[in-house]
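Asks: My structure is below; once you've seen it, I'll send some questions.
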Amino acid sequence: MNSRLWTVAASLVFSALLLSCAGRGSDFRVHDIDYRGWAGSDPIYLYYDNTDTVSARQLYLLLRLTGSIPYSALRMEVETLSPAGIFWCDTVSLVAPAADGPGTFNDLRVLYRSGVRLGEAGNYRFRFRQLSSDTLLRGIAGLGIEVNREGHPWARTK
């Protein structure tokens with residue numbers, strides 16, 4: 001009985017260690033978008049609380065597209081603001097996969113920046129603004145940012 005208790009205890013400790021290591025170095029934030037569309041005048045804000053000021057990071061853009069997206073390319077502006085007020089701004093264009101039809105979703109994960117060092121501890125703000133010529137950008141159900149420590153298993157693109 002004593003050896004069985006030790007086996008169970010060791011298994012629980014090992015499982016806890018695996019689970020705690022698996023999540024370290026990777027984090028994401030997602031915003032659900034209104035089904036009616038995303039207005040160009042309504043930026044989306046996501047926040048990331050950074051505690052690691054040393055590790056290089058990979059930043060991914062996450063999009064959940066509906067099966068009825070009417071665009072072949074999605075253009076947006078991505079602005080990052082550090083806790084000290086330093087910012088960078090990029091315009092990105094993402095190729096939208098072919099529409100599969102109503103009622104379906106396509107998840108898109110695209111490497112946005114690599115080798116980024118978030119040199120300050122604190123809250124980083126990511127602001128997204130759609131740049132389509134339409135008043136409402138349709139076909140996007142969610143938008144997010146994923147922050148991975150380089151070398152983390154989830155940081156690989158394949």
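FYI, nothing fancy with the structure tokens labels: chains A, B, ... in order, residues from 1 per chain, ligands from 1 as they appear.
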Each residue of region 22-76 of chain A with at least one atom at most 12 Å from region 81-87 of chain A should appear once, together with its nearest atom pair and the corresponding distance in Å (one decimal); atoms considered: only C-alpha atoms; ordering: chain, then increasing residue number; output as a Markdown table.
Replies:
| residue | atom | partner | partner_atom | distance |
| --- | --- | --- | --- | --- |
| A:Tyr45 | CA | A:Leu81 | CA | 10.7 |
| A:Leu46 | CA | A:Leu81 | CA | 10.7 |
| A:Tyr47 | CA | A:Leu81 | CA | 9.6 |
| A:Tyr48 | CA | A:Ser82 | CA | 9.9 |
| A:Asp49 | CA | A:Pro83 | CA | 9.4 |
| A:Asn50 | CA | A:Pro83 | CA | 9.4 |
| A:Thr51 | CA | A:Pro83 | CA | 11.6 |
| A:Thr53 | CA | A:Ser82 | CA | 11.8 |
Asks: Go through A:Leu136, A:Leu59, A:Leu111, A:Leu143 one by one, measure the shortest atom-to-atom distance of each to Arg36 (chain A) using only C-alpha atoms, and give the residue with the smallest value.
Replies: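 Smallest separation from Arg36 (chain A) among the options: A:Leu136.
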Asks: List as number ranges by chain the protein and nucleic acid residues near Arg127 (chain A), meaning an atom at most 6 Å away when only C-alpha atoms are counted, but skip any in the same chain fewer than 4 places from it.
Replies: A: 44-45, 78-79
Asks: Please produce a file of those selected residues containing C-alpha atoms, as an mmCIF file, in the first residue's frame.
Replies:
data_model
loop_
_atom_site.group_PDB
_atom_site.id
_atom_site.type_symbol
_atom_site.label_atom_id
_atom_site.label_comp_id
_atom_site.auth_asym_id
_atom_site.auth_seq_id
_atom_site.Cartn_x
_atom_site.Cartn_y
_atom_site.Cartn_z
ATOM 1 C CA ILE A 44 -10.080 46.812 -30.968
ATOM 2 C CA TYR A 45 -7.820 46.930 -27.904
ATOM 3 C CA VAL A 78 -1.537 47.117 -35.592
ATOM 4 C CA GLU A 79 -0.180 49.523 -32.987
#
Asks: So what do you get for CA of Val116 (chain A) versus CA of Leu65 (chain A), distance-wise?
Replies: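 Distance reported for this atom pair: 26.7 Å.
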Asks: Excluding same-chain residues fewer than 3 positions from His31 (chain A), what lies within 12 Å of it counting only C-alpha atoms, as a PyMOL selection string?
Replies: chain A and resi 28+34+38+43-47+61-64+126-128+140-146
Asks: With only C-alpha atoms as the counted atoms, please give the residues lying no more than 8 Å from region 147-149 of chain A, apart from itself and same-chain residues fewer than 6 positions off, as a PyMOL selection string.
Replies: chain A and resi 25-28+55-60+155
Asks: Would you work out the distance separating CA of Pro70 (chain A) from CA of Gly139 (chain A), expressed in Å to one decimal?
Replies: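 The value is 6.9 Å.
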Asks: So which one's closest to Val92 (chain A), A:Arg129, A:Ser114, A:Gly151, A:Tyr35? Using only C-alpha atoms, please.
Replies: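 When distances to Val92 (chain A) are compared using only C-alpha atoms, the smallest one comes from A:Arg129.
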Asks: Residues of region 35-147 of chain A in strand (DSSP E or B) according to DSSP, as a PyMOL selection string?
Replies: chain A and resi 38-39+44-50+56-66+73-81+87-95+105-117+122-130+136-137+140-147
Asks: Report, in Å to a single decimal, how far apart CA of Glu77 (chain A) and CA of Leu118 (chain A) are.
Replies: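 Computing it gives 19.6 Å between the two atoms.
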